[in-house]
file start.txt (compact mmCIF, C-alpha atoms)
# COMPACT_ATOMS: atom_id res chain seq x y z
CA MET A 1 -21.56 -30.07 -37.54
CA GLY A 2 -23.84 -28.07 -35.35
CA THR A 3 -23.04 -24.53 -36.32
CA THR A 4 -21.28 -22.91 -39.14
CA ASN A 5 -21.93 -19.33 -38.14
CA HIS A 6 -18.79 -19.24 -36.01
CA HIS A 7 -16.56 -19.28 -39.02
CA HIS A 8 -18.69 -17.78 -41.72
CA HIS A 9 -16.73 -14.60 -41.78
CA HIS A 10 -13.31 -16.03 -42.37
CA HIS A 11 -12.29 -16.40 -45.93
CA HIS A 12 -8.68 -17.41 -45.56
CA HIS A 13 -7.96 -20.44 -47.62
CA GLN A 14 -4.28 -20.75 -47.00
CA PRO A 15 -3.25 -23.66 -44.81
CA THR A 16 -2.02 -21.23 -42.18
CA THR A 17 -5.54 -20.74 -40.83
CA PHE A 18 -4.74 -22.75 -37.74
CA PRO A 19 -6.88 -20.67 -35.37
CA ILE A 20 -9.84 -21.19 -37.64
CA LYS A 21 -9.31 -24.92 -37.56
CA LYS A 22 -9.24 -24.73 -33.78
CA LEU A 23 -12.35 -22.61 -33.80
CA ILE A 24 -14.17 -24.88 -36.18
CA THR A 25 -13.36 -28.00 -34.29
CA GLY A 26 -14.01 -26.45 -30.91
CA ALA A 27 -17.25 -24.76 -31.84
CA LEU A 28 -18.67 -27.64 -33.76
CA TYR A 29 -18.33 -30.30 -31.20
CA THR A 30 -19.22 -28.51 -28.05
CA LEU A 31 -22.55 -27.45 -29.42
CA LEU A 32 -24.02 -30.53 -30.92
CA PRO A 33 -25.60 -32.75 -28.31
CA LEU A 34 -24.37 -36.27 -28.59
CA ALA A 35 -27.83 -37.70 -28.96
CA LEU A 36 -28.19 -35.97 -32.25
CA LEU A 37 -24.87 -37.07 -33.65
CA HIS A 38 -26.27 -40.49 -33.85
CA VAL A 39 -29.43 -39.40 -35.63
CA TYR A 40 -27.36 -37.38 -37.95
CA LEU A 41 -24.52 -39.44 -38.96
CA PHE A 42 -26.27 -42.53 -39.85
CA PRO A 43 -27.83 -41.33 -43.09
CA ILE A 44 -25.22 -39.45 -45.12
CA SER A 45 -24.04 -39.70 -48.73
CA LEU A 46 -22.45 -37.23 -51.06
CA LYS A 47 -20.96 -37.56 -54.46
CA GLN A 48 -19.47 -35.14 -56.83
CA PRO A 49 -17.42 -36.59 -59.55
CA LYS A 50 -13.96 -35.60 -60.31
CA LEU A 51 -12.52 -38.59 -62.02
CA ILE A 52 -9.01 -39.37 -61.23
CA THR A 53 -7.14 -42.33 -62.55
CA SER A 54 -3.67 -43.51 -63.00
CA THR A 55 -3.22 -41.64 -66.26
CA GLN A 56 -2.89 -38.37 -64.41
CA SER A 57 0.21 -37.39 -62.65
CA GLN A 58 0.64 -33.66 -62.88
CA LYS A 59 -1.80 -31.24 -61.41
CA THR A 60 -2.92 -28.22 -63.31
CA SER A 61 -5.50 -25.81 -62.17
CA SER A 62 -8.33 -25.03 -64.50
CA PRO A 63 -10.09 -21.68 -64.61
CA SER A 64 -13.48 -23.27 -64.07
CA ILE A 65 -12.64 -24.41 -60.56
CA PRO A 66 -13.75 -21.97 -57.84
CA SER A 67 -10.84 -19.82 -56.79
CA SER A 68 -10.81 -21.39 -53.36
CA LEU A 69 -9.93 -24.68 -55.01
CA ALA A 70 -7.53 -23.40 -57.62
CA GLY A 71 -4.51 -25.57 -57.88
CA GLU A 72 -6.28 -28.55 -56.43
CA GLY A 73 -8.17 -29.55 -59.50
CA VAL A 74 -6.98 -32.18 -61.85
CA GLU A 75 -7.21 -31.61 -65.56
CA HIS A 76 -8.21 -34.75 -67.32
CA ARG A 77 -6.16 -35.98 -70.21
CA HIS A 78 -8.00 -37.61 -72.99
CA SER A 79 -7.96 -41.33 -72.85
CA PRO A 80 -7.53 -43.22 -76.10
CA ARG A 81 -11.22 -44.02 -76.26
CA SER A 82 -13.07 -40.88 -75.33
CA PRO A 83 -12.45 -37.56 -73.67
CA ARG A 84 -12.93 -37.81 -69.93
CA CYS A 85 -15.58 -35.60 -68.52
CA ASP A 86 -14.93 -33.55 -65.41
CA TYR A 87 -18.37 -33.88 -63.89
CA SER A 88 -17.46 -31.76 -60.89
CA ASP A 89 -17.25 -28.68 -63.08
CA GLY A 90 -20.77 -27.50 -63.84
CA ARG A 91 -23.92 -25.85 -62.55
CA TRP A 92 -27.45 -26.71 -61.45
CA VAL A 93 -30.02 -25.80 -64.11
CA PRO A 94 -33.83 -25.88 -63.98
CA ASP A 95 -35.31 -29.17 -65.16
CA SER A 96 -38.98 -29.72 -65.81
CA ARG A 97 -38.67 -33.54 -65.69
CA GLY A 98 -38.77 -33.79 -61.93
CA PRO A 99 -37.73 -36.83 -59.90
CA ARG A 100 -37.59 -40.45 -61.11
CA TYR A 101 -39.33 -41.88 -58.03
CA ASN A 102 -41.30 -40.77 -55.00
CA GLY A 103 -42.03 -41.88 -51.46
CA THR A 104 -44.72 -44.29 -52.57
CA SER A 105 -43.01 -45.82 -55.62
CA CYS A 106 -39.89 -46.53 -53.56
CA SER A 107 -40.34 -48.46 -50.34
CA THR A 108 -36.74 -48.35 -49.09
CA ILE A 109 -36.46 -44.63 -48.25
CA LYS A 110 -35.27 -44.06 -44.69
CA ASP A 111 -38.01 -42.22 -42.78
CA GLY A 112 -35.88 -39.23 -41.92
CA GLN A 113 -35.15 -38.55 -45.60
CA ASN A 114 -38.69 -38.98 -46.92
CA CYS A 115 -39.25 -35.22 -46.99
CA MET A 116 -42.48 -35.30 -49.02
CA ALA A 117 -44.09 -37.89 -46.76
CA HIS A 118 -43.04 -35.85 -43.72
CA GLY A 119 -44.86 -32.79 -45.02
CA ARG A 120 -42.21 -30.66 -46.71
CA PRO A 121 -44.49 -28.23 -48.58
CA ASP A 122 -42.18 -26.85 -51.31
CA THR A 123 -41.23 -29.03 -54.28
CA GLY A 124 -39.01 -26.66 -56.27
CA TYR A 125 -35.88 -28.45 -55.00
CA LEU A 126 -36.90 -31.49 -57.10
CA TYR A 127 -36.73 -29.64 -60.42
CA TRP A 128 -33.02 -29.13 -61.04
CA ARG A 129 -30.40 -31.16 -62.84
CA TRP A 130 -26.62 -30.94 -62.88
CA GLN A 131 -25.19 -29.70 -66.15
CA PRO A 132 -21.43 -30.28 -66.52
CA ASN A 133 -19.75 -27.44 -68.41
CA HIS A 134 -18.01 -29.57 -71.03
CA CYS A 135 -20.13 -32.65 -71.57
CA GLN A 136 -23.55 -34.18 -70.99
CA LEU A 137 -24.68 -36.11 -67.95
CA PRO A 138 -27.44 -38.46 -69.19
CA ALA A 139 -30.54 -39.05 -67.08
CA PHE A 140 -30.28 -42.14 -64.90
CA ASP A 141 -31.18 -45.31 -66.79
CA PRO A 142 -31.94 -48.11 -64.31
CA VAL A 143 -31.88 -50.88 -66.91
CA SER A 144 -28.42 -50.03 -68.16
CA PHE A 145 -27.15 -49.74 -64.56
CA LEU A 146 -28.54 -53.21 -63.77
CA HIS A 147 -26.95 -54.66 -66.91
CA LEU A 148 -23.59 -53.24 -65.84
CA ILE A 149 -23.81 -54.84 -62.39
CA GLN A 150 -25.22 -58.12 -63.68
CA ASN A 151 -23.62 -61.08 -61.80
CA LYS A 152 -21.60 -58.54 -59.79
CA HIS A 153 -21.48 -57.19 -56.24
CA LEU A 154 -21.56 -53.42 -55.68
CA ALA A 155 -20.81 -52.47 -52.05
CA PHE A 156 -21.20 -49.12 -50.31
CA VAL A 157 -18.88 -48.73 -47.31
CA GLY A 158 -18.98 -45.81 -44.90
CA ASP A 159 -21.20 -43.69 -42.71
CA SER A 160 -24.73 -42.41 -43.11
CA MET A 161 -23.72 -40.52 -46.27
CA ALA A 162 -22.82 -43.87 -47.84
CA ARG A 163 -26.22 -45.14 -46.74
CA ASN A 164 -27.96 -42.05 -48.14
CA GLN A 165 -26.34 -42.66 -51.54
CA LEU A 166 -27.09 -46.38 -51.45
CA GLU A 167 -30.77 -45.73 -50.63
CA SER A 168 -30.99 -43.21 -53.48
CA LEU A 169 -29.60 -45.90 -55.82
CA LEU A 170 -32.11 -48.54 -54.63
CA CYS A 171 -34.94 -46.11 -55.37
CA LEU A 172 -33.56 -45.28 -58.81
CA LEU A 173 -33.17 -48.97 -59.67
CA SER A 174 -36.54 -50.04 -58.27
CA ALA A 175 -38.19 -48.33 -61.23
CA ALA A 176 -36.83 -51.23 -63.35
CA SER A 177 -36.58 -54.09 -60.87
CA PRO A 178 -37.55 -54.42 -57.20
CA PRO A 179 -34.61 -55.16 -54.87
CA GLU A 180 -35.07 -58.08 -52.48
CA LEU A 181 -33.50 -57.73 -49.05
CA VAL A 182 -31.56 -60.98 -48.52
CA TYR A 183 -29.49 -60.13 -45.45
CA ARG A 184 -29.67 -57.69 -42.58
CA ASP A 185 -27.89 -57.63 -39.33
CA GLY A 186 -30.22 -56.81 -36.47
CA GLN A 187 -28.66 -53.54 -35.49
CA GLU A 188 -30.25 -50.46 -37.05
CA ASN A 189 -29.74 -51.59 -40.63
CA LYS A 190 -25.98 -51.17 -40.42
CA PHE A 191 -25.20 -54.15 -42.68
CA ARG A 192 -27.66 -55.09 -45.42
CA ARG A 193 -27.64 -56.81 -48.78
CA TRP A 194 -30.14 -56.82 -51.64
CA VAL A 195 -30.41 -58.88 -54.79
CA PHE A 196 -31.96 -57.84 -58.11
CA HIS A 197 -33.10 -61.26 -59.23
CA GLY A 198 -33.52 -60.74 -62.94
CA TYR A 199 -29.86 -59.70 -63.07
CA ASN A 200 -28.26 -61.73 -60.28
CA ALA A 201 -26.88 -58.38 -59.12
CA THR A 202 -26.02 -57.74 -55.46
CA VAL A 203 -25.93 -54.34 -53.76
CA SER A 204 -24.85 -54.02 -50.13
CA ILE A 205 -24.08 -51.52 -47.39
CA PHE A 206 -21.35 -51.84 -44.74
CA TRP A 207 -21.46 -49.45 -41.79
CA CYS A 208 -17.96 -48.19 -41.14
CA PRO A 209 -17.72 -44.48 -40.33
CA PHE A 210 -13.89 -44.38 -40.20
CA LEU A 211 -12.97 -47.05 -42.82
CA VAL A 212 -10.18 -48.03 -40.41
CA LYS A 213 -10.81 -50.03 -37.25
CA GLY A 214 -12.63 -47.94 -34.70
CA ILE A 215 -14.58 -48.17 -31.49
CA GLU A 216 -17.54 -45.80 -31.45
CA LYS A 217 -18.02 -44.10 -28.13
CA SER A 218 -21.58 -45.40 -27.94
CA ALA A 219 -20.18 -48.94 -27.92
CA ALA A 220 -18.56 -48.72 -24.49
CA PRO A 221 -20.12 -47.26 -21.36
CA GLY A 222 -18.26 -44.24 -20.07
CA LEU A 223 -16.32 -43.72 -23.30
CA ASN A 224 -16.37 -40.04 -24.29
CA HIS A 225 -14.32 -40.45 -27.44
CA ASN A 226 -14.21 -42.59 -30.49
CA LYS A 227 -11.06 -44.71 -30.74
CA LEU A 228 -9.40 -45.08 -34.15
CA TYR A 229 -6.69 -47.59 -35.09
CA LEU A 230 -5.20 -45.87 -38.10
CA ASP A 231 -3.02 -48.68 -39.41
CA SER A 232 -5.67 -51.37 -39.81
CA ALA A 233 -8.74 -51.45 -42.00
CA ASP A 234 -12.08 -52.37 -40.47
CA ASP A 235 -12.57 -56.15 -40.72
CA ARG A 236 -16.25 -56.11 -41.56
CA TRP A 237 -15.64 -54.73 -45.05
CA ALA A 238 -11.98 -55.73 -45.52
CA SER A 239 -12.73 -59.42 -44.97
CA GLU A 240 -15.27 -59.36 -47.81
CA LEU A 241 -13.23 -57.26 -50.20
CA ASP A 242 -12.41 -60.15 -52.52
CA ARG A 243 -16.14 -60.70 -53.02
CA MET A 244 -16.79 -57.12 -54.11
CA ASP A 245 -16.49 -56.06 -57.75
CA MET A 246 -17.26 -52.39 -57.19
CA VAL A 247 -16.82 -50.51 -53.92
CA VAL A 248 -18.00 -46.99 -53.08
CA PHE A 249 -16.35 -45.48 -49.98
CA SER A 250 -18.07 -42.48 -48.41
CA VAL A 251 -17.00 -41.10 -45.03
CA GLY A 252 -15.98 -37.84 -43.41
CA HIS A 253 -18.29 -36.35 -40.83
CA TRP A 254 -17.37 -38.76 -38.02
CA PHE A 255 -13.75 -37.64 -38.18
CA LEU A 256 -14.80 -34.31 -36.70
CA HIS A 257 -15.86 -35.90 -33.41
CA PRO A 258 -13.65 -36.17 -30.31
CA ALA A 259 -11.35 -39.19 -30.70
CA ILE A 260 -8.17 -40.88 -29.57
CA TYR A 261 -5.90 -42.14 -32.34
CA TYR A 262 -3.67 -45.21 -32.23
CA GLU A 263 -0.93 -46.32 -34.60
CA ASN A 264 1.10 -49.49 -34.03
CA GLU A 265 -0.82 -49.91 -30.79
CA LEU A 266 0.58 -46.66 -29.40
CA VAL A 267 -1.41 -43.50 -28.80
CA LEU A 268 -0.60 -41.09 -31.60
CA GLY A 269 -2.65 -38.25 -30.09
CA CYS A 270 -6.22 -37.14 -29.84
CA HIS A 271 -8.73 -34.65 -31.12
CA HIS A 272 -10.65 -32.51 -28.67
CA CYS A 273 -9.85 -34.33 -25.43
CA PRO A 274 -8.80 -31.62 -22.97
CA GLU A 275 -9.28 -33.93 -19.96
CA LEU A 276 -6.68 -36.43 -21.21
CA ASN A 277 -2.96 -35.93 -21.26
CA HIS A 278 -2.50 -36.66 -24.98
CA THR A 279 -1.08 -34.53 -27.75
CA GLU A 280 -3.87 -32.68 -29.54
CA ILE A 281 -3.68 -33.41 -33.27
CA GLY A 282 -5.98 -32.15 -35.99
CA PHE A 283 -8.31 -34.52 -37.80
CA PHE A 284 -7.06 -33.67 -41.31
CA ASP A 285 -3.88 -35.76 -41.00
CA VAL A 286 -5.86 -38.56 -39.43
CA PHE A 287 -8.41 -38.46 -42.26
CA ARG A 288 -5.52 -38.75 -44.73
CA LYS A 289 -3.98 -41.71 -42.87
CA ALA A 290 -7.34 -43.50 -42.84
CA PHE A 291 -7.52 -43.20 -46.63
CA LYS A 292 -3.91 -44.26 -47.11
CA THR A 293 -4.57 -47.41 -45.05
CA THR A 294 -7.86 -48.15 -46.83
CA LEU A 295 -6.54 -47.70 -50.37
CA LYS A 296 -3.43 -49.69 -49.56
CA VAL A 297 -5.57 -52.61 -48.37
CA VAL A 298 -7.67 -52.36 -51.52
CA SER A 299 -4.66 -52.62 -53.80
CA SER A 300 -2.76 -55.24 -51.82
CA GLN A 301 -4.90 -58.23 -52.68
CA ASP A 302 -3.18 -61.04 -54.57
CA TRP A 303 -3.44 -59.95 -58.21
CA SER A 304 -1.31 -62.84 -59.45
CA SER A 305 -4.13 -65.37 -59.36
CA PRO A 306 -6.20 -65.55 -62.55
CA ALA A 307 -9.29 -65.60 -60.32
CA SER A 308 -8.76 -62.04 -59.11
CA SER A 309 -11.18 -60.16 -61.31
CA GLU A 310 -11.20 -56.48 -62.18
CA LYS A 311 -12.23 -54.07 -59.46
CA LEU A 312 -13.54 -50.51 -59.48
CA VAL A 313 -13.07 -48.47 -56.29
CA VAL A 314 -14.84 -45.13 -56.00
CA VAL A 315 -14.41 -42.53 -53.27
CA THR A 316 -17.37 -40.17 -52.94
CA THR A 317 -15.88 -36.90 -51.70
CA PHE A 318 -16.94 -34.92 -48.64
CA SER A 319 -20.37 -33.35 -48.63
CA PRO A 320 -20.64 -30.01 -46.80
CA ALA A 321 -23.37 -29.38 -44.22
CA HIS A 322 -25.58 -26.29 -44.62
CA PHE A 323 -26.40 -25.09 -41.11
CA GLU A 324 -27.08 -21.36 -41.02
CA GLY A 325 -27.45 -21.29 -37.26
CA GLU A 326 -28.13 -23.66 -34.40
CA TRP A 327 -29.15 -27.18 -35.42
CA ASP A 328 -32.13 -27.10 -33.04
CA LYS A 329 -33.61 -23.73 -33.99
CA PHE A 330 -36.27 -22.95 -36.56
CA GLY A 331 -34.80 -22.15 -39.99
CA ALA A 332 -31.43 -23.94 -39.68
CA CYS A 333 -31.32 -24.67 -43.43
CA PRO A 334 -34.20 -22.63 -44.89
CA LYS A 335 -33.13 -22.22 -48.53
CA LYS A 336 -35.58 -23.23 -51.27
CA LYS A 337 -33.23 -23.19 -54.25
CA PRO A 338 -29.60 -23.85 -55.24
CA TYR A 339 -26.88 -21.26 -54.83
CA LYS A 340 -25.84 -19.58 -58.05
CA GLU A 341 -22.26 -19.97 -59.27
CA GLY A 342 -20.06 -17.70 -57.16
CA GLU A 343 -22.73 -17.01 -54.53
CA LYS A 344 -21.23 -19.35 -51.92
CA GLY A 345 -17.56 -20.03 -51.34
CA MET A 346 -16.34 -23.32 -49.97
CA GLU A 347 -15.40 -23.33 -46.28
CA TYR A 348 -11.79 -24.15 -45.46
CA MET A 349 -12.68 -27.44 -43.78
CA ASP A 350 -14.89 -28.73 -46.61
CA ALA A 351 -12.27 -27.84 -49.23
CA GLU A 352 -9.53 -29.52 -47.19
CA MET A 353 -11.48 -32.76 -46.65
CA ARG A 354 -12.19 -32.96 -50.38
CA LYS A 355 -8.60 -32.17 -51.29
CA ILE A 356 -7.23 -34.94 -49.05
CA GLU A 357 -9.55 -37.49 -50.68
CA VAL A 358 -8.72 -36.37 -54.21
CA GLU A 359 -4.96 -36.46 -53.51
CA GLU A 360 -5.02 -39.86 -51.85
CA VAL A 361 -7.12 -41.32 -54.67
CA GLU A 362 -4.73 -39.93 -57.23
CA ALA A 363 -1.69 -41.35 -55.44
CA ALA A 364 -3.30 -44.76 -54.95
CA ALA A 365 -4.70 -44.97 -58.50
CA SER A 366 -1.34 -45.16 -60.26
CA LYS A 367 0.12 -47.55 -57.67
CA GLY A 368 -2.97 -49.75 -57.78
CA ALA A 369 -3.03 -49.90 -61.57
CA ALA A 370 0.64 -50.90 -61.66
CA LYS A 371 0.29 -53.51 -58.92
CA SER A 372 -2.78 -55.13 -60.41
CA GLY A 373 -1.67 -55.09 -64.03
CA GLY A 374 -4.47 -52.65 -64.80
CA ARG A 375 -7.17 -54.70 -63.09
CA LEU A 376 -7.79 -52.18 -60.30
CA ARG A 377 -9.19 -48.74 -61.02
CA ILE A 378 -9.51 -46.16 -58.23
CA GLU A 379 -11.41 -42.93 -58.88
CA ALA A 380 -12.95 -40.03 -57.00
CA LEU A 381 -16.63 -39.20 -57.37
CA ASP A 382 -16.05 -35.54 -56.64
CA VAL A 383 -19.38 -34.23 -55.41
CA THR A 384 -18.21 -31.57 -52.98
CA LYS A 385 -19.06 -28.66 -55.26
CA LEU A 386 -22.36 -30.15 -56.46
CA ALA A 387 -23.32 -30.65 -52.83
CA LEU A 388 -22.14 -27.24 -51.67
CA LEU A 389 -24.46 -25.54 -54.15
CA ARG A 390 -27.61 -27.35 -52.86
CA PRO A 391 -28.57 -25.88 -49.47
CA ASP A 392 -32.19 -26.58 -50.46
CA GLY A 393 -31.83 -30.37 -50.64
CA HIS A 394 -31.79 -31.35 -46.95
CA PRO A 395 -34.65 -32.61 -44.77
CA GLY A 396 -34.17 -29.78 -42.25
CA PRO A 397 -37.08 -30.05 -39.79
CA TYR A 398 -38.78 -32.69 -41.98
CA MET A 399 -36.41 -35.32 -40.61
CA TYR A 400 -39.47 -35.88 -38.38
CA PRO A 401 -43.08 -36.15 -39.63
CA ASN A 402 -45.14 -32.93 -39.80
CA PRO A 403 -42.96 -30.87 -37.46
CA PHE A 404 -45.26 -27.83 -37.69
CA ALA A 405 -48.64 -29.57 -37.34
CA ASP A 406 -49.27 -27.43 -34.23
CA GLY A 407 -47.86 -24.24 -35.72
CA ILE A 408 -44.30 -22.95 -36.08
CA LYS A 409 -42.00 -23.88 -33.19
CA GLU A 410 -38.85 -21.98 -32.34
CA LYS A 411 -37.08 -25.14 -31.09
CA VAL A 412 -36.96 -27.89 -33.70
CA GLN A 413 -34.25 -30.38 -34.66
CA ASN A 414 -32.90 -30.03 -38.19
CA ASP A 415 -30.94 -32.30 -40.49
CA CYS A 416 -28.92 -30.04 -42.78
CA VAL A 417 -26.41 -32.77 -43.67
CA HIS A 418 -28.22 -35.66 -45.36
CA TRP A 419 -30.32 -35.38 -48.49
CA CYS A 420 -34.03 -35.71 -49.12
CA LEU A 421 -34.98 -38.69 -51.30
CA PRO A 422 -35.67 -37.96 -54.08
CA GLY A 423 -33.17 -35.10 -54.09
CA PRO A 424 -29.75 -33.85 -55.23
CA ILE A 425 -27.98 -37.05 -54.16
CA ASP A 426 -29.69 -38.92 -57.02
CA THR A 427 -27.22 -37.05 -59.23
CA TRP A 428 -24.26 -38.72 -57.50
CA ASN A 429 -25.61 -42.01 -58.83
CA GLU A 430 -26.11 -40.63 -62.34
CA ILE A 431 -22.41 -39.86 -62.32
CA LEU A 432 -21.58 -43.24 -60.76
CA LEU A 433 -23.39 -44.88 -63.68
CA GLU A 434 -21.19 -42.97 -66.16
CA MET A 435 -18.06 -44.00 -64.22
CA ILE A 436 -19.06 -47.68 -64.32
CA LYS A 437 -19.87 -47.45 -68.04
CA ARG A 438 -16.44 -46.04 -68.72
CA TRP A 439 -14.72 -48.62 -66.51
CA LYS A 440 -16.47 -51.42 -68.39
call {"tool": "encode", "arguments": {"input": "start.txt", "output": "structure tokens"}}
result
Amino acid sequence: MGTTNHHHHHHHHQPTTFPIKKLITGALYTLLPLALLHVYLFPISLKQPKLITSTQSQKTSSPSIPSSLAGEGVEHRHSPRSPRCDYSDGRWVPDSRGPRYNGTSCSTIKDGQNCMAHGRPDTGYLYWRWQPNHCQLPAFDPVSFLHLIQNKHLAFVGDSMARNQLESLLCLLSAASPPELVYRDGQENKFRRWVFHGYNATVSIFWCPFLVKGIEKSAAPGLNHNKLYLDSADDRWASELDRMDMVVFSVGHWFLHPAIYYENELVLGCHHCPELNHTEIGFFDVFRKAFKTTLKVVSSQDWSSPASSEKLVVVTTFSPAHFEGEWDKFGACPKKKPYKEGEKGMEYMDAEMRKIEVEEVEAAASKGAAKSGGRLRIEALDVTKLALLRPDGHPGPYMYPNPFADGIKEKVQNDCVHWCLPGPIDTWNEILLEMIKRWK
């Protein structure tokens, strides 16, 4: 995640770009000090909606998808009730309304994302809204969201991008009803639950950066790699699955880190572990396996019992980082406004991560619908393009308070991955609201 300049100049998008993959993975991980990975990856959340359900089987490419993604898009057939909107196809347009909340009206913003409170001087990044090309995306309405989750449990499962999206949602909802924290596990807010009392609605977050079982290298002294067990889902969320009505999965960035992979208790290979005698395998296949395992677990509950209620599963797609240089140098993500259509192409890695998620969701959606007698819906919240176009929405140096109080410093840590709150990520939740409305 540390630098993108090493591969800026390559524009191959065909899967044969193996050397680029090597370069990306090598460059990214040698440069980013481990201390920062932790800071970074705990607050991430990206959503861009491409809605995929069991009604789609063929793929067709649509002219509105950037050429780098042609052939990977999914055209949406019209459902009997209403035409489906492809929210991922659109552009950012100026919006005079500004944000729905701020750092004082919302008390749950994570410090590192409270850009205004930390002294970010420009505010232009707050005055844009996403305009889909073929339909409207209504402004977020907290009351109707709360009505839709009344007596229900909505869980976010994933890494810091999942947390970033969850915290955006809490702020958006707090305009109508204050959330009460009813559970937190002592460790760094990794597992928390809130209740909106007027609605008996529960919203929770489960830390799980791989979705599958994993041991983070920080958990064991002397461990230089994460360990991933690709054939079993992580128990913390999987054991509570039957008590969740809606689940949002959001992961990705942790798969880029050095890791050893296990399947059936045997070592499958590893990523970036030159000192070990294991087969080097890329993280794309591993990312795909993690989703296969996760979505299989989601659809394998016992649907025969009348008690098994309907379930909506949403996968928020990968959100690209926007480093324009070293993460610890001044001006790592300096932009003040969105990219225009066509100004920025999608990097190979970002496009590939998104594509894997979209394909796995599509494959699981039809199986899940069949298995559950229509009670399980699996969809992608395809935010990759929305996110790509917003280099201006990150905390950058304002991940820490008043970084330039003593004048401009050449060395300064930057977060060019997560999103300021309020910020572009609020849009992911506007789309999530439309997905829940349609599911209902």
call {"tool": "closest_residue", "arguments": {"input": "start.txt", "among": "A:Ala405, A:Met244, A:Leu228, A:Leu223", "to": "Leu268 of chain A", "atoms": "only C-alpha atoms"}}
result
A:Leu228
call {"tool": "closest_residue", "arguments": {"input": "start.txt", "among": "A:Ala201, A:Trp303, A:Val314, A:Phe291", "to": "Ala370 of chain A", "atoms": "only C-alpha atoms"}}
result
A:Trp303
call {"tool": "closest_residue", "arguments": {"input": "start.txt", "among": "A:Ala176, A:Ser366, A:Gly222, A:Leu276", "to": "Phe145 of chain A", "atoms": "only C-alpha atoms"}}
result
A:Ala176
call {"tool": "residues_around", "arguments": {"input": "start.txt", "residues": "segment 397-401 of chain A", "least_positions_apart": "2", "cutoff": "12 Å", "atoms": "all atoms listed in the file", "output": "ChimeraX atom specification"}}
result
/A:36,39-40,43,110-122,323,327-334,393-395,403-406,408-421
call {"tool": "residues_around", "arguments": {"input": "start.txt", "residues": "segment 124-137 of chain A", "least_positions_apart": "2", "cutoff": "8 Å", "atoms": "only C-alpha atoms", "output": "MDAnalysis selection string"}}
result
chainID A and resid 85:99 122 139 336:338 386 392:393 422:424 427 430:431 434
call {"tool": "write_last_selection", "arguments": {"input": "start.txt", "atoms": "C-alpha atoms", "output": "mmCIF file, in the coordinates of the input"}}
result
data_model
loop_
_atom_site.group_PDB
_atom_site.id
_atom_site.type_symbol
_atom_site.label_atom_id
_atom_site.label_comp_id
_atom_site.auth_asym_id
_atom_site.auth_seq_id
_atom_site.Cartn_x
_atom_site.Cartn_y
_atom_site.Cartn_z
ATOM 1 C CA CYS A 85 -15.580 -35.600 -68.520
ATOM 2 C CA ASP A 86 -14.930 -33.550 -65.410
ATOM 3 C CA TYR A 87 -18.370 -33.880 -63.890
ATOM 4 C CA SER A 88 -17.460 -31.760 -60.890
ATOM 5 C CA ASP A 89 -17.250 -28.680 -63.080
ATOM 6 C CA GLY A 90 -20.770 -27.500 -63.840
ATOM 7 C CA ARG A 91 -23.920 -25.850 -62.550
ATOM 8 C CA TRP A 92 -27.450 -26.710 -61.450
ATOM 9 C CA VAL A 93 -30.020 -25.800 -64.110
ATOM 10 C CA PRO A 94 -33.830 -25.880 -63.980
ATOM 11 C CA ASP A 95 -35.310 -29.170 -65.160
ATOM 12 C CA SER A 96 -38.980 -29.720 -65.810
ATOM 13 C CA ARG A 97 -38.670 -33.540 -65.690
ATOM 14 C CA GLY A 98 -38.770 -33.790 -61.930
ATOM 15 C CA PRO A 99 -37.730 -36.830 -59.900
ATOM 16 C CA ASP A 122 -42.180 -26.850 -51.310
ATOM 17 C CA ALA A 139 -30.540 -39.050 -67.080
ATOM 18 C CA LYS A 336 -35.580 -23.230 -51.270
ATOM 19 C CA LYS A 337 -33.230 -23.190 -54.250
ATOM 20 C CA PRO A 338 -29.600 -23.850 -55.240
ATOM 21 C CA LEU A 386 -22.360 -30.150 -56.460
ATOM 22 C CA ASP A 392 -32.190 -26.580 -50.460
ATOM 23 C CA GLY A 393 -31.830 -30.370 -50.640
ATOM 24 C CA PRO A 422 -35.670 -37.960 -54.080
ATOM 25 C CA GLY A 423 -33.170 -35.100 -54.090
ATOM 26 C CA PRO A 424 -29.750 -33.850 -55.230
ATOM 27 C CA THR A 427 -27.220 -37.050 -59.230
ATOM 28 C CA GLU A 430 -26.110 -40.630 -62.340
ATOM 29 C CA ILE A 431 -22.410 -39.860 -62.320
ATOM 30 C CA GLU A 434 -21.190 -42.970 -66.160
#
call {"tool": "atom_distance", "arguments": {"input": "start.txt", "atom1": "atom CA of Leu312 of chain A", "atom2": "atom CA of Lys292 of chain A"}}
result
16.9 Å
